[in-house]
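Source file: protein-v1.cif. Holds: mmCIF, C-alpha atoms.
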data_input
#
loop_
_atom_site.group_PDB
_atom_site.id
_atom_site.type_symbol
_atom_site.label_atom_id
_atom_site.label_comp_id
_atom_site.auth_asym_id
_atom_site.auth_seq_id
_atom_site.Cartn_x
_atom_site.Cartn_y
_atom_site.Cartn_z
ATOM 1 C CA MET T 219 103.992 69.481 21.424
ATOM 2 C CA GLY T 220 102.147 66.210 21.120
ATOM 3 C CA LYS T 221 98.446 65.741 20.190
ATOM 4 C CA PRO T 222 96.006 65.767 23.109
ATOM 5 C CA PHE T 223 95.114 62.365 24.320
ATOM 6 C CA LYS T 224 91.587 61.127 23.428
ATOM 7 C CA SER T 225 90.021 58.509 25.563
ATOM 8 C CA SER T 226 88.049 55.676 24.039
ATOM 9 C CA GLY T 227 84.963 57.124 25.726
ATOM 10 C CA GLN T 228 85.312 60.440 23.889
ATOM 11 C CA THR T 229 85.755 58.649 20.577
ATOM 12 C CA THR T 230 82.669 56.511 21.170
ATOM 13 C CA ALA T 231 80.611 59.562 22.111
ATOM 14 C CA ARG T 232 81.638 61.356 18.919
ATOM 15 C CA VAL T 233 80.727 58.325 16.776
ATOM 16 C CA VAL T 234 77.371 57.991 18.500
ATOM 17 C CA CYS T 235 76.716 61.690 17.961
ATOM 18 C CA ILE T 236 77.539 61.458 14.242
ATOM 19 C CA VAL T 237 75.327 58.370 13.803
ATOM 20 C CA TYR T 238 72.469 60.045 15.668
ATOM 21 C CA LEU T 239 72.693 63.194 13.537
ATOM 22 C CA THR T 240 72.826 61.108 10.351
ATOM 23 C CA MET T 241 69.735 59.139 11.380
ATOM 24 C CA THR T 242 67.907 62.344 12.323
ATOM 25 C CA VAL T 243 68.645 63.915 8.930
ATOM 26 C CA LYS T 244 67.421 60.751 7.212
ATOM 27 C CA LYS T 245 64.220 60.741 9.270
ATOM 28 C CA LEU T 246 63.547 64.387 8.461
ATOM 29 C CA PHE T 247 64.117 63.694 4.774
ATOM 30 C CA ILE T 248 61.753 60.719 4.790
ATOM 31 C CA PHE T 249 59.158 62.671 6.788
ATOM 32 C CA ASN T 250 59.237 65.601 4.347
ATOM 33 C CA LEU T 251 59.065 63.177 1.420
ATOM 34 C CA LEU T 252 55.959 61.529 2.875
ATOM 35 C CA ILE T 253 54.334 64.904 3.432
ATOM 36 C CA PHE T 254 54.948 65.693 -0.236
ATOM 37 C CA ILE T 255 53.756 62.410 -1.746
ATOM 38 C CA TYR T 256 50.860 61.574 0.633
ATOM 39 C CA PRO T 257 48.257 63.793 -1.075
ATOM 40 C CA HIS T 258 49.240 62.280 -4.437
ATOM 41 C CA VAL T 259 49.010 58.733 -3.084
ATOM 42 C CA GLN T 260 45.689 59.560 -1.462
ATOM 43 C CA ALA T 261 44.374 60.939 -4.764
ATOM 44 C CA GLN T 262 45.450 57.782 -6.544
ATOM 45 C CA THR T 263 43.514 55.612 -4.086
ATOM 46 C CA ASN T 264 40.223 57.233 -5.074
ATOM 47 C CA HIS T 265 38.166 54.682 -6.952
ATOM 48 C CA ARG T 266 35.901 55.440 -9.875
ATOM 49 C CA TYR T 267 32.280 54.449 -9.136
ATOM 50 C CA LYS T 268 32.964 54.633 -5.388
ATOM 51 C CA ASP T 269 34.437 58.086 -4.764
ATOM 52 C CA LEU T 270 33.735 61.541 -6.170
ATOM 53 C CA VAL T 271 36.499 61.564 -8.794
ATOM 54 C CA PHE T 272 34.997 64.010 -11.324
ATOM 55 C CA PRO T 273 34.701 67.660 -10.244
ATOM 56 C CA ASP T 274 32.222 68.625 -12.965
ATOM 57 C CA VAL T 275 29.063 67.112 -14.412
ATOM 58 C CA SER T 276 27.335 67.846 -17.729
ATOM 59 C CA ILE T 277 23.527 67.844 -17.790
ATOM 60 C CA ASP T 278 21.296 67.508 -20.855
ATOM 61 C CA ASN T 279 17.659 68.322 -20.098
ATOM 62 C CA ASP T 280 14.312 67.209 -21.465
ATOM 63 C CA ILE T 281 15.233 64.321 -23.757
ATOM 64 C CA SER T 282 12.395 61.956 -24.683
ATOM 65 C CA TYR T 283 12.655 58.222 -24.088
ATOM 66 C CA ASN T 284 9.362 57.518 -25.874
ATOM 67 C CA ALA T 285 9.096 58.940 -29.373
ATOM 68 C CA ALA T 286 5.608 57.441 -29.737
ATOM 69 C CA ALA T 287 4.142 59.507 -26.879
ATOM 70 C CA ASN T 288 1.172 61.666 -27.825
ATOM 71 C CA GLU T 289 1.155 65.419 -27.300
ATOM 72 C CA LYS T 290 -0.622 65.236 -23.937
ATOM 73 C CA GLU T 291 1.829 62.731 -22.480
ATOM 74 C CA LYS T 292 5.115 63.976 -23.950
ATOM 75 C CA LYS T 293 6.191 65.586 -20.670
ATOM 76 C CA ALA T 294 5.734 62.288 -18.842
ATOM 77 C CA TYR T 295 8.415 60.666 -21.005
ATOM 78 C CA LEU T 296 11.211 63.196 -20.600
ATOM 79 C CA PHE T 297 14.507 62.596 -18.843
ATOM 80 C CA ASP T 298 17.574 64.594 -17.821
ATOM 81 C CA LEU T 299 20.950 62.999 -18.506
ATOM 82 C CA TYR T 300 23.853 63.504 -16.088
ATOM 83 C CA GLN T 301 27.374 62.545 -17.158
ATOM 84 C CA PRO T 302 30.872 63.068 -15.735
ATOM 85 C CA LYS T 303 32.356 65.951 -17.705
ATOM 86 C CA ASP T 304 35.239 65.123 -20.065
ATOM 87 C CA ASP T 305 34.868 61.408 -19.368
ATOM 88 C CA LYS T 306 36.423 59.158 -22.007
ATOM 89 C CA GLU T 307 35.053 55.783 -20.898
ATOM 90 C CA LEU T 308 33.011 53.985 -23.555
ATOM 91 C CA GLN T 309 30.932 51.555 -21.463
ATOM 92 C CA ARG T 310 29.660 53.036 -18.228
ATOM 93 C CA PRO T 311 27.015 51.795 -15.804
ATOM 94 C CA LEU T 312 23.702 53.640 -16.037
ATOM 95 C CA ILE T 313 21.490 54.485 -13.069
ATOM 96 C CA ILE T 314 17.866 55.340 -13.882
ATOM 97 C CA TRP T 315 16.392 57.447 -11.072
ATOM 98 C CA MET T 316 12.640 57.717 -10.382
ATOM 99 C CA HIS T 317 11.299 60.468 -8.156
ATOM 100 C CA GLY T 318 8.853 60.093 -5.285
ATOM 101 C CA GLY T 319 5.554 61.902 -4.768
ATOM 102 C CA GLY T 320 2.915 59.227 -4.238
ATOM 103 C CA PHE T 321 2.367 58.757 -7.998
ATOM 104 C CA LYS T 322 0.630 62.140 -7.986
ATOM 105 C CA TYR T 323 3.280 64.828 -7.476
ATOM 106 C CA SER T 324 6.872 65.862 -8.235
ATOM 107 C CA SER T 325 9.119 65.256 -11.240
ATOM 108 C CA LYS T 326 12.637 64.453 -12.383
ATOM 109 C CA ALA T 327 13.658 67.883 -11.050
ATOM 110 C CA ALA T 328 13.123 66.848 -7.408
ATOM 111 C CA LYS T 329 15.946 68.152 -5.203
ATOM 112 C CA ASN T 330 17.013 64.733 -3.920
ATOM 113 C CA VAL T 331 17.006 63.163 -7.391
ATOM 114 C CA GLN T 332 19.192 65.995 -8.693
ATOM 115 C CA LEU T 333 21.557 65.530 -5.752
ATOM 116 C CA TRP T 334 21.966 61.778 -6.319
ATOM 117 C CA CYS T 335 22.291 62.140 -10.093
ATOM 118 C CA LYS T 336 25.025 64.762 -9.749
ATOM 119 C CA THR T 337 27.015 62.906 -7.103
ATOM 120 C CA PHE T 338 26.776 59.535 -8.832
ATOM 121 C CA ALA T 339 27.841 61.171 -12.107
ATOM 122 C CA GLN T 340 30.818 62.585 -10.192
ATOM 123 C CA ARG T 341 31.655 58.978 -9.309
ATOM 124 C CA GLY T 342 31.684 58.078 -13.002
ATOM 125 C CA TYR T 343 28.157 56.771 -13.566
ATOM 126 C CA VAL T 344 25.751 57.971 -16.218
ATOM 127 C CA CYS T 345 22.464 58.928 -14.558
ATOM 128 C CA ALA T 346 19.046 59.480 -16.093
ATOM 129 C CA ALA T 347 16.400 61.232 -14.015
ATOM 130 C CA VAL T 348 13.119 60.218 -15.625
ATOM 131 C CA ASN T 349 9.552 61.419 -15.537
ATOM 132 C CA TYR T 350 6.730 58.898 -15.691
ATOM 133 C CA ARG T 351 2.969 59.090 -15.966
ATOM 134 C CA LEU T 352 1.316 60.418 -12.819
ATOM 135 C CA SER T 353 -2.185 59.535 -11.726
ATOM 136 C CA LYS T 354 -5.022 61.869 -12.662
ATOM 137 C CA LYS T 355 -6.941 60.619 -9.638
ATOM 138 C CA ASN T 356 -5.983 60.510 -5.974
ATOM 139 C CA PRO T 357 -3.722 57.526 -5.329
ATOM 140 C CA VAL T 358 -2.431 58.909 -2.032
ATOM 141 C CA PHE T 359 -5.756 58.167 -0.292
ATOM 142 C CA ASN T 360 -6.996 55.330 -2.486
ATOM 143 C CA PHE T 361 -4.827 52.226 -2.539
ATOM 144 C CA ASP T 362 -6.575 50.735 -5.577
ATOM 145 C CA GLU T 363 -5.612 53.845 -7.540
ATOM 146 C CA PHE T 364 -2.141 53.680 -5.992
ATOM 147 C CA LEU T 365 -1.693 50.172 -7.403
ATOM 148 C CA LYS T 366 -2.983 51.178 -10.836
ATOM 149 C CA ALA T 367 -0.679 54.207 -10.934
ATOM 150 C CA SER T 368 2.318 52.065 -10.005
ATOM 151 C CA TYR T 369 1.440 49.570 -12.750
ATOM 152 C CA TYR T 370 1.587 52.252 -15.451
ATOM 153 C CA ALA T 371 4.702 53.839 -13.939
ATOM 154 C CA VAL T 372 6.446 50.450 -14.044
ATOM 155 C CA HIS T 373 5.524 50.166 -17.717
ATOM 156 C CA ASP T 374 7.092 53.581 -18.309
ATOM 157 C CA LEU T 375 10.283 52.536 -16.559
ATOM 158 C CA LYS T 376 10.453 49.412 -18.710
ATOM 159 C CA THR T 377 10.042 51.636 -21.769
ATOM 160 C CA ALA T 378 12.952 53.759 -20.522
ATOM 161 C CA VAL T 379 15.163 50.694 -20.010
ATOM 162 C CA GLU T 380 14.312 49.520 -23.530
ATOM 163 C CA TYR T 381 15.224 52.970 -24.890
ATOM 164 C CA PHE T 382 18.610 53.054 -23.162
ATOM 165 C CA ARG T 383 19.489 49.543 -24.263
ATOM 166 C CA ALA T 384 18.709 50.520 -27.858
ATOM 167 C CA ASN T 385 20.848 53.660 -27.502
ATOM 168 C CA ALA T 386 23.681 52.226 -25.414
ATOM 169 C CA ALA T 387 26.355 53.250 -27.924
ATOM 170 C CA LEU T 388 24.993 56.806 -28.177
ATOM 171 C CA TYR T 389 25.188 57.364 -24.424
ATOM 172 C CA ARG T 390 28.291 55.175 -23.956
ATOM 173 C CA ILE T 391 26.653 52.927 -21.395
ATOM 174 C CA ASP T 392 26.997 49.236 -20.645
ATOM 175 C CA PRO T 393 23.587 47.664 -21.385
ATOM 176 C CA ASP T 394 24.380 44.863 -18.925
ATOM 177 C CA LYS T 395 24.919 47.314 -16.080
ATOM 178 C CA ILE T 396 21.657 49.216 -15.857
ATOM 179 C CA ILE T 397 20.682 49.996 -12.265
ATOM 180 C CA LEU T 398 17.193 51.041 -11.150
ATOM 181 C CA ALA T 399 16.959 53.564 -8.339
ATOM 182 C CA GLY T 400 14.278 55.628 -6.683
ATOM 183 C CA ASN T 401 12.942 57.100 -3.484
ATOM 184 C CA SER T 402 9.465 56.483 -2.042
ATOM 185 C CA ALA T 403 7.156 55.916 -5.052
ATOM 186 C CA GLY T 404 10.292 55.795 -7.204
ATOM 187 C CA GLY T 405 11.654 52.979 -5.066
ATOM 188 C CA ILE T 406 8.338 51.152 -5.400
ATOM 189 C CA ILE T 407 8.576 51.433 -9.196
ATOM 190 C CA ALA T 408 12.152 50.147 -9.233
ATOM 191 C CA LEU T 409 11.280 47.151 -7.048
ATOM 192 C CA GLN T 410 8.220 46.021 -9.004
ATOM 193 C CA ALA T 411 10.045 46.492 -12.317
ATOM 194 C CA ALA T 412 12.958 44.349 -11.182
ATOM 195 C CA TYR T 413 11.060 41.558 -9.445
ATOM 196 C CA SER T 414 7.467 41.317 -10.719
ATOM 197 C CA SER T 415 6.103 40.219 -14.065
ATOM 198 C CA ASP T 416 3.527 42.250 -15.958
ATOM 199 C CA GLU T 417 0.906 39.579 -15.283
ATOM 200 C CA GLU T 418 1.545 39.525 -11.529
ATOM 201 C CA LEU T 419 1.384 43.285 -11.165
ATOM 202 C CA ALA T 420 -1.662 43.576 -13.424
ATOM 203 C CA LYS T 421 -3.529 40.954 -11.409
ATOM 204 C CA LEU T 422 -2.750 42.715 -8.131
ATOM 205 C CA SER T 423 -3.820 46.059 -9.607
ATOM 206 C CA ASN T 424 -7.064 44.685 -11.070
ATOM 207 C CA ILE T 425 -5.938 45.722 -14.525
ATOM 208 C CA GLN T 426 -6.456 43.712 -17.665
ATOM 209 C CA PRO T 427 -2.885 43.369 -18.928
ATOM 210 C CA ASP T 428 -2.513 44.545 -22.490
ATOM 211 C CA SER T 429 -1.208 42.166 -25.115
ATOM 212 C CA ILE T 430 1.813 44.350 -25.874
ATOM 213 C CA GLY T 431 2.783 44.457 -22.222
ATOM 214 C CA LEU T 432 2.482 40.709 -21.813
ATOM 215 C CA THR T 433 4.586 40.129 -24.897
ATOM 216 C CA LYS T 434 7.356 42.523 -23.937
ATOM 217 C CA TYR T 435 7.300 42.333 -20.168
ATOM 218 C CA SER T 436 6.228 38.806 -19.329
ATOM 219 C CA LYS T 437 9.259 38.533 -17.035
ATOM 220 C CA PRO T 438 10.892 41.015 -14.652
ATOM 221 C CA LEU T 439 13.452 43.350 -16.176
ATOM 222 C CA LYS T 440 16.972 42.035 -16.363
ATOM 223 C CA VAL T 441 18.927 44.692 -14.492
ATOM 224 C CA ALA T 442 22.185 44.821 -12.548
ATOM 225 C CA ALA T 443 20.868 46.135 -9.212
ATOM 226 C CA VAL T 444 18.149 48.097 -7.414
ATOM 227 C CA LEU T 445 18.627 51.057 -5.080
ATOM 228 C CA ASN T 446 15.496 51.253 -2.948
ATOM 229 C CA PHE T 447 15.350 54.429 -0.873
ATOM 230 C CA TRP T 448 12.358 54.090 1.506
ATOM 231 C CA GLY T 449 10.171 52.274 -0.995
ATOM 232 C CA ALA T 450 8.406 48.902 -0.709
ATOM 233 C CA ILE T 451 7.427 45.780 -2.613
ATOM 234 C CA TYR T 452 3.878 44.476 -2.807
ATOM 235 C CA ASN T 453 4.827 40.830 -2.457
ATOM 236 C CA PRO T 454 8.203 39.731 -1.025
ATOM 237 C CA ASP T 455 7.835 36.349 -2.750
ATOM 238 C CA TRP T 456 8.439 38.174 -6.020
ATOM 239 C CA LEU T 457 12.113 38.204 -5.069
ATOM 240 C CA LEU T 458 12.049 34.556 -6.170
ATOM 241 C CA ASN T 459 11.612 35.805 -9.741
ATOM 242 C CA ALA T 460 15.056 37.406 -10.024
ATOM 243 C CA ARG T 461 18.343 37.380 -8.125
ATOM 244 C CA VAL T 462 18.941 41.111 -8.469
ATOM 245 C CA PRO T 463 21.230 42.669 -5.825
ATOM 246 C CA ILE T 464 19.480 45.332 -3.794
ATOM 247 C CA VAL T 465 20.212 48.224 -1.444
ATOM 248 C CA ASN T 466 17.550 49.261 1.063
ATOM 249 C CA VAL T 467 17.804 52.585 2.902
ATOM 250 C CA LEU T 468 15.094 53.872 5.231
ATOM 251 C CA GLY T 469 14.258 55.784 8.378
ATOM 252 C CA SER T 470 13.326 53.722 11.434
ATOM 253 C CA ASN T 471 10.318 55.955 12.166
ATOM 254 C CA ASP T 472 8.894 56.012 8.646
ATOM 255 C CA GLY T 473 5.122 56.095 8.945
ATOM 256 C CA ILE T 474 4.443 56.622 5.229
ATOM 257 C CA VAL T 475 6.178 53.485 3.990
ATOM 258 C CA PRO T 476 6.739 51.403 7.150
ATOM 259 C CA PRO T 477 10.058 49.503 7.347
ATOM 260 C CA THR T 478 8.144 46.273 7.999
ATOM 261 C CA HIS T 479 4.753 44.906 6.999
ATOM 262 C CA LYS T 480 2.098 46.214 9.397
ATOM 263 C CA SER T 481 -1.363 47.375 8.444
ATOM 264 C CA ALA T 482 -0.179 48.748 5.101
ATOM 265 C CA PRO T 483 -0.368 46.225 2.234
ATOM 266 C CA MET T 484 3.291 46.770 1.412
ATOM 267 C CA PHE T 485 6.552 45.236 2.557
ATOM 268 C CA GLY T 486 9.254 47.744 3.415
ATOM 269 C CA GLY T 487 13.018 47.700 3.349
ATOM 270 C CA LYS T 488 13.490 45.541 6.446
ATOM 271 C CA ASP T 489 11.142 42.881 5.058
ATOM 272 C CA ILE T 490 12.970 42.956 1.720
ATOM 273 C CA HIS T 491 16.321 42.658 3.483
ATOM 274 C CA GLN T 492 15.130 39.638 5.460
ATOM 275 C CA LYS T 493 13.695 37.914 2.376
ATOM 276 C CA ALA T 494 16.812 38.637 0.326
ATOM 277 C CA ASP T 495 18.954 37.121 3.073
ATOM 278 C CA GLU T 496 16.775 34.002 3.078
ATOM 279 C CA LEU T 497 17.179 33.652 -0.697
ATOM 280 C CA GLY T 498 20.885 34.444 -0.705
ATOM 281 C CA ILE T 499 20.444 37.594 -2.796
ATOM 282 C CA PRO T 500 23.283 40.101 -2.281
ATOM 283 C CA ASN T 501 21.832 43.038 -0.386
ATOM 284 C CA ALA T 502 22.575 45.781 2.110
ATOM 285 C CA LEU T 503 20.365 47.575 4.634
ATOM 286 C CA ASN T 504 20.965 50.996 6.150
ATOM 287 C CA VAL T 505 18.478 52.201 8.774
ATOM 288 C CA PHE T 506 18.669 55.825 9.894
ATOM 289 C CA GLU T 507 17.533 55.541 13.476
ATOM 290 C CA GLY T 508 15.044 58.159 14.654
ATOM 291 C CA TYR T 509 14.203 59.508 11.199
ATOM 292 C CA SER T 510 11.031 59.367 9.154
ATOM 293 C CA HIS T 511 10.112 59.297 5.477
ATOM 294 C CA GLU T 512 12.609 60.957 3.119
ATOM 295 C CA LEU T 513 15.021 60.778 6.101
ATOM 296 C CA GLN T 514 13.399 63.873 7.581
ATOM 297 C CA LYS T 515 13.135 64.163 11.344
ATOM 298 C CA HIS T 516 9.390 64.705 10.969
ATOM 299 C CA PHE T 517 8.114 64.105 7.450
ATOM 300 C CA ASN T 518 6.574 67.099 5.716
ATOM 301 C CA PRO T 519 5.561 66.543 2.066
ATOM 302 C CA PHE T 520 5.659 70.297 1.402
ATOM 303 C CA PHE T 521 9.231 70.715 2.644
ATOM 304 C CA SER T 522 12.015 69.037 0.687
ATOM 305 C CA GLY T 523 14.404 69.014 3.617
ATOM 306 C CA GLY T 524 17.148 71.259 4.951
ATOM 307 C CA LYS T 525 20.909 70.803 5.044
ATOM 308 C CA ASP T 526 20.761 68.055 7.674
ATOM 309 C CA THR T 527 18.325 66.037 5.582
ATOM 310 C CA GLN T 528 20.408 66.581 2.466
ATOM 311 C CA GLN T 529 23.459 65.337 4.342
ATOM 312 C CA ARG T 530 21.574 62.122 5.121
ATOM 313 C CA TRP T 531 20.662 61.818 1.432
ATOM 314 C CA LEU T 532 24.372 62.083 0.618
ATOM 315 C CA GLU T 533 25.166 59.403 3.209
ATOM 316 C CA ALA T 534 22.496 57.156 1.674
ATOM 317 C CA GLY T 535 24.088 57.689 -1.732
ATOM 318 C CA GLN T 536 27.566 56.829 -0.474
ATOM 319 C CA PHE T 537 26.224 53.695 1.225
ATOM 320 C CA ALA T 538 24.676 52.616 -2.077
ATOM 321 C CA ALA T 539 27.839 53.487 -4.033
ATOM 322 C CA ASP T 540 29.963 51.366 -1.685
ATOM 323 C CA PHE T 541 27.617 48.407 -2.180
ATOM 324 C CA LEU T 542 27.567 48.763 -5.967
ATOM 325 C CA PHE T 543 31.346 49.051 -6.130
ATOM 326 C CA LYS T 544 31.819 45.889 -4.110
ATOM 327 C CA THR T 545 28.988 43.862 -5.666
ATOM 328 C CA ILE T 546 28.510 45.082 -9.243
ATOM 329 C CA ILE T 547 31.623 46.958 -10.307
ATOM 330 C CA LYS T 548 34.554 45.228 -8.650
#
Translate this structure into structure tokens?
Amino acid sequence: MGKPFKSSGQTTARVVCIVYLTMTVKKLFIFNLLIFIYPHVQAQTNHRYKDLVFPDVSIDNDISYNAAANEKEKKAYLFDLYQPKDDKELQRPLIIWMHGGGFKYSSKAAKNVQLWCKTFAQRGYVCAAVNYRLSKKNPVFNFDEFLKASYYAVHDLKTAVEYFRANAALYRIDPDKIILAGNSAGGIIALQAAYSSDEELAKLSNIQPDSIGLTKYSKPLKVAAVLNFWGAIYNPDWLLNARVPIVNVLGSNDGIVPPTHKSAPMFGGKDIHQKADELGIPNALNVFEGYSHELQKHFNPFFSGGKDTQQRWLEAGQFAADFLFKTIIK
């Protein structure tokens, strides 16, 4: 009996079916392969200094950055050091963080400072949360005292920078990549340290500048960048003194440190952003619309902020990290 006759149509259909099945199997294979490798590819795209690449952070507490401090002032010169755990890098950028508190209150243990130090250390930075001398008077309600307190705090920050440069090898930091950061009063300290000279700040504060200060700090500090979280500068023309890249983060409804120059004798983040743009200084501005000082909905100095506020602090940190990665690191 002869073989059944197959039409050309049947043959074509069978070929098409085989090709289709082959392509389907290939697609499934490729799809499963992508599912397997995607998390690994995604992990490899994480960038040190931009993303949280270290799960753990080591913290060393209460180290002095001023061995010459007398017994009464020793506490004012302590810092906590945050480092990515098991990190092998030899030259890492350092961020020095100054706390807020109106030059009267708080310390390096402030909740927001701890949060930023930990998360930036997870990105690969070394972070130092520093104390500085606080006013024994009432700078919050007396602007003359506020200026004097900021003058001495700036001196302390400059002492800290000098200490870290001298001990760069010990802490495995790059002395050319020291970044100043702070919130509120801490931001004010960072700004004046980066852009004003000792003589300029002393004159504004009605302080007779000491000879040591004039010798050591006649010019603004040479630093890599400034992270200003809702702080202000006393004179925006001081930005002419140094082309230091700067990040400004603030709440649009901040009534403690206004975003722009109003009745207060300070120039906030929006003013600094505008002046930096005019001078061609690399900068970034992030305004949290509808929020007040410390990115709280309604600022309360006795309440450090709940989870929503802390989330905004984290967003501010990521905004700053993105800027630093693009401008300083990359």
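Across T:Leu375, T:Ala443, T:Leu419, T:Ala538, the tightest approach to Asp269 of chain T is made by T:Ala538 when counting all atoms listed in the file.
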Quiz prompt | T:Asn518, T:Gln492, T:Ser353, T:Ser402 ranked by distance to Tyr323 of chain T, top pick (using all atoms listed in the file) | solution =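 Checking each of T:Asn518, T:Gln492, T:Ser353, T:Ser402 against Tyr323 of chain T, counting all atoms listed in the file, the winner is T:Ser353.
Among the candidate residues T:Gly498, T:Gly318, T:Gly523, T:Gly486, the one lying nearest to Val331 of chain T is T:Gly318, with distances computed using all atoms listed in the file.
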Quiz item: Restricting the calculation to all atoms listed in the file, which member of T:Asn453, T:Asn264, T:Asn279, T:Asn356 is positioned closest to Met484 of chain T?
Solution: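 When distances to Met484 of chain T are compared using all atoms listed in the file, the smallest one comes from T:Asn453.
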Quiz item: Quick one: which residues end up in the PyMOL selection byres ((chain T and resi 299) around 12) for this structure, as a PyMOL selection string?
Solution: chain T and resi 275-283+296-298+300-303+312-315+326-327+331-332+335-336+338-339+343-349+382+389+391
Practice problem: Could you tell me which of T:Asp394, T:Glu533, T:Asp362, T:Glu307 comes closest to Ala420 of chain T if we count all atoms listed in the file? | Solution: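 Selected residue with least distance to Ala420 of chain T: T:Asp362.
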Quiz prompt | atom CA of Gly524 of chain T to atom CA of Ser510 of chain T, distance in Å rounded to a single decimal | solution =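 Value for the atom CA of Gly524 of chain T-atom CA of Ser510 of chain T distance: 14.0 Å.
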Quiz item: Pick from T:Ala287, T:Ile396, T:Ala403, T:Ala411: nearest to Ser324 of chain T, with only C-alpha atoms counted?
Solution: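 Closest residue, counting only C-alpha atoms: T:Ala403.
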List every residue of segment 347-418 of chain T that has an atom at most 12 Å from any atom of segment 541-548 of chain T, giving for each one its closest atom pair and the distance in Å to one decimal, counting all atoms listed in the file, sorted by chain and then by ascending residue number, as a Markdown table.
| residue | atom | partner | partner_atom | distance |
| --- | --- | --- | --- | --- |
| T:Asp392 | CA | T:Ile547 | CA | 11.6 |
| T:Asp394 | CA | T:Ile546 | CA | 10.5 |
| T:Lys395 | CA | T:Ile546 | CA | 8.0 |
| T:Ile396 | CA | T:Ile546 | CA | 10.4 |
| T:Ile397 | CA | T:Leu542 | CA | 9.4 |
| T:Leu398 | CA | T:Leu542 | CA | 11.8 |
| T:Ala399 | CA | T:Leu542 | CA | 11.9 |
Quiz item: Taking the file as shown, what set of residues would the PyMOL selection byres ((chain T and resi 479) around 12) give back, as an MDAnalysis selection string?
Solution: chainID T and resid 450:454 472:478 480:490 492
Practice problem: Between atom CA of Pro463 of chain T and atom CA of Val441 of chain T, measure the distance and give it in Å to one decimal. | Solution: 9.2 Å
Practice problem: I would like the residues chosen by the PyMOL selection byres ((chain T and resi 470) around 8) on the shown file; could you give them as number ranges by chain? | Solution: T: 468-469, 471-472, 477, 505-510
Exercise. Quick one: everything within 12 Å of Ala460 of chain T, counting only C-alpha atoms, minus sequence neighbours fewer than 3 positions away in the same chain. Send it as a PyMOL selection string.
Key: chain T and resi 409-415+437-444+454-457+463-464+494+497-500
Could you write those residues out with C-alpha atoms, as a compact mmCIF listing (two decimals), in the coordinates of the input?
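As a result, again_35.txt now contains:
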# COMPACT_ATOMS: atom_id res chain seq x y z
CA LEU T 409 11.28 47.15 -7.05
CA GLN T 410 8.22 46.02 -9.00
CA ALA T 411 10.04 46.49 -12.32
CA ALA T 412 12.96 44.35 -11.18
CA TYR T 413 11.06 41.56 -9.44
CA SER T 414 7.47 41.32 -10.72
CA SER T 415 6.10 40.22 -14.06
CA LYS T 437 9.26 38.53 -17.04
CA PRO T 438 10.89 41.02 -14.65
CA LEU T 439 13.45 43.35 -16.18
CA LYS T 440 16.97 42.04 -16.36
CA VAL T 441 18.93 44.69 -14.49
CA ALA T 442 22.18 44.82 -12.55
CA ALA T 443 20.87 46.14 -9.21
CA VAL T 444 18.15 48.10 -7.41
CA PRO T 454 8.20 39.73 -1.02
CA ASP T 455 7.84 36.35 -2.75
CA TRP T 456 8.44 38.17 -6.02
CA LEU T 457 12.11 38.20 -5.07
CA PRO T 463 21.23 42.67 -5.82
CA ILE T 464 19.48 45.33 -3.79
CA ALA T 494 16.81 38.64 0.33
CA LEU T 497 17.18 33.65 -0.70
CA GLY T 498 20.88 34.44 -0.70
CA ILE T 499 20.44 37.59 -2.80
CA PRO T 500 23.28 40.10 -2.28
Exercise. Can you work out the spacing between atom CA of Lys366 of chain T and atom CA of Ser423 of chain T in Å, to one decimal?
Key: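 These two atoms are separated by 5.3 Å.
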Kindly compute an axis-aligned box around the listed atoms of segment 442-451 of chain T, allowing 6 Å on each side, and express its centre and edge lengths in Å to one decimal as JSON.
{"center_x": 14.8, "center_y": 49.6, "center_z": -5.5, "size_x": 26.8, "size_y": 21.6, "size_z": 26.1}
